[in-house]
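**Student:** Right, I'll just put the structure down here and ask away after.
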Amino acid sequence: MAGNDRAGSGEARPPRQVTLPVIGFRIQVPEPQRIAWYAGLGLMAAFELVDWELALVIGIGHLIADNVRSPAVANLAEGVESGA
């Protein structure tokens, strides 16, 4: 697996994206280490430690917050700041 590690080589890995059917919205697939966080949230909902509605809202909010950190959004924010 050492051949797949691009962190040390300085290469930026292209983000994995998925287009949601019906609405056509594109979202980035979380990194593998973040998937564990979502799985833990799902397990907490499955064992009724939190309501499933709350888990859904938290998960969607976390996913949106992760996508806000994308380079495209950062460039847009820099453009807005320089224009103000």
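Identifiers in the structure tokens: chain A, B, ... in order shown; residue index from 1 per chain; ligand index from 1 in order shown.
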Name all residues at most 9 Å from region 23-29 of chain A (count only C-alpha atoms; drop same-chain ones fewer than 4 positions away) and give them as a PyMOL selection string.
**Tutor:** chain A and resi 15-19+35+63-64+66-67
**Student:** May I have the selected residues written with N, CA and C atoms, as a PDB file, in the first residue's frame?
**Tutor:**
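The result, written out as out_0.pdb:
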ATOM      1  N   PRO A  15     -10.369  15.038  -5.448  1.00  0.00           N
ATOM      2  CA  PRO A  15     -11.454  14.636  -4.547  1.00  0.00           C
ATOM      3  C   PRO A  15     -12.396  13.659  -5.233  1.00  0.00           C
ATOM      4  N   ARG A  16     -12.834  12.672  -4.474  1.00  0.00           N
ATOM      5  CA  ARG A  16     -13.823  11.730  -4.998  1.00  0.00           C
ATOM      6  C   ARG A  16     -15.185  12.370  -4.845  1.00  0.00           C
ATOM      7  N   GLN A  17     -15.920  12.434  -5.942  1.00  0.00           N
ATOM      8  CA  GLN A  17     -17.228  13.065  -5.904  1.00  0.00           C
ATOM      9  C   GLN A  17     -18.300  12.105  -6.366  1.00  0.00           C
ATOM     10  N   VAL A  18     -19.492  12.311  -5.831  1.00  0.00           N
ATOM     11  CA  VAL A  18     -20.651  11.505  -6.198  1.00  0.00           C
ATOM     12  C   VAL A  18     -21.774  12.469  -6.567  1.00  0.00           C
ATOM     13  N   THR A  19     -22.461  12.169  -7.660  1.00  0.00           N
ATOM     14  CA  THR A  19     -23.629  12.956  -8.038  1.00  0.00           C
ATOM     15  C   THR A  19     -24.860  12.263  -7.486  1.00  0.00           C
ATOM     16  N   ILE A  35     -15.067   8.449   7.419  1.00  0.00           N
ATOM     17  CA  ILE A  35     -16.165   7.493   7.294  1.00  0.00           C
ATOM     18  C   ILE A  35     -16.418   6.809   8.632  1.00  0.00           C
ATOM     19  N   LEU A  63     -21.101  16.996   6.916  1.00  0.00           N
ATOM     20  CA  LEU A  63     -20.751  16.816   5.508  1.00  0.00           C
ATOM     21  C   LEU A  63     -20.668  18.166   4.803  1.00  0.00           C
ATOM     22  N   ILE A  64     -21.604  19.048   5.079  1.00  0.00           N
ATOM     23  CA  ILE A  64     -21.569  20.388   4.482  1.00  0.00           C
ATOM     24  C   ILE A  64     -20.346  21.154   4.968  1.00  0.00           C
ATOM     25  N   ASP A  66     -17.507  19.944   5.885  1.00  0.00           N
ATOM     26  CA  ASP A  66     -16.331  19.394   5.220  1.00  0.00           C
ATOM     27  C   ASP A  66     -16.226  19.901   3.793  1.00  0.00           C
ATOM     28  N   ASN A  67     -17.348  20.013   3.096  1.00  0.00           N
ATOM     29  CA  ASN A  67     -17.327  20.473   1.710  1.00  0.00           C
ATOM     30  C   ASN A  67     -17.034  21.966   1.616  1.00  0.00           C
TER      31      ASN A  67
END
**Student:** Measuring atom to atom with only C-alpha atoms, identify which of A:Gly59, A:Gly79, A:Pro30, A:Pro21 is nearest to Ala45 (chain A).
**Tutor:** A:Gly59
**Student:** To test your reading of the structure, identify every residue in region 33-77 of chain A that backbone DSSP assigns to alpha helix (DSSP H), and report it as a ChimeraX atom specification.
**Tutor:** /A:33-46,52-68,71-77
**Student:** Report as a short mmCIF file (atom, residue, chain, number, x, y, z; two decimals) with N, CA and C atoms, in the first residue's frame all protein, DNA and RNA residues lying within 9 Å of region 37-43 of chain A, evaluated on only C-alpha atoms, omitting residues in the same chain fewer than 4 positions from it.
**Tutor:**
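Saved the output as part01.cif:
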data_model
loop_
_atom_site.label_atom_id
_atom_site.label_comp_id
_atom_site.auth_asym_id
_atom_site.auth_seq_id
_atom_site.Cartn_x
_atom_site.Cartn_y
_atom_site.Cartn_z
N GLN A 33 -10.85 8.04 6.89
CA GLN A 33 -10.84 8.24 8.34
C GLN A 33 -12.10 8.95 8.82
N PHE A 47 -28.53 2.26 17.95
CA PHE A 47 -28.72 1.80 19.32
C PHE A 47 -29.53 2.77 20.16
N GLU A 48 -30.12 3.77 19.49
CA GLU A 48 -31.01 4.75 20.09
C GLU A 48 -30.35 5.55 21.21
N LEU A 49 -29.05 5.82 21.06
CA LEU A 49 -28.38 6.73 21.98
C LEU A 49 -28.70 8.17 21.63
N VAL A 50 -28.97 8.40 20.32
CA VAL A 50 -29.48 9.69 19.84
C VAL A 50 -30.62 9.37 18.87
N TRP A 52 -32.67 9.31 15.48
CA TRP A 52 -32.16 9.20 14.12
C TRP A 52 -32.27 10.54 13.39
N ALA A 55 -29.25 12.53 14.45
CA ALA A 55 -28.06 11.97 13.81
C ALA A 55 -28.00 12.38 12.34
N LEU A 56 -29.14 12.41 11.67
CA LEU A 56 -29.19 12.81 10.27
C LEU A 56 -28.80 14.28 10.11
N ILE A 58 -27.00 16.12 12.20
CA ILE A 58 -25.59 16.26 12.55
C ILE A 58 -24.71 15.77 11.39
N GLY A 59 -25.07 14.63 10.83
CA GLY A 59 -24.28 14.08 9.71
C GLY A 59 -24.29 14.98 8.50
#
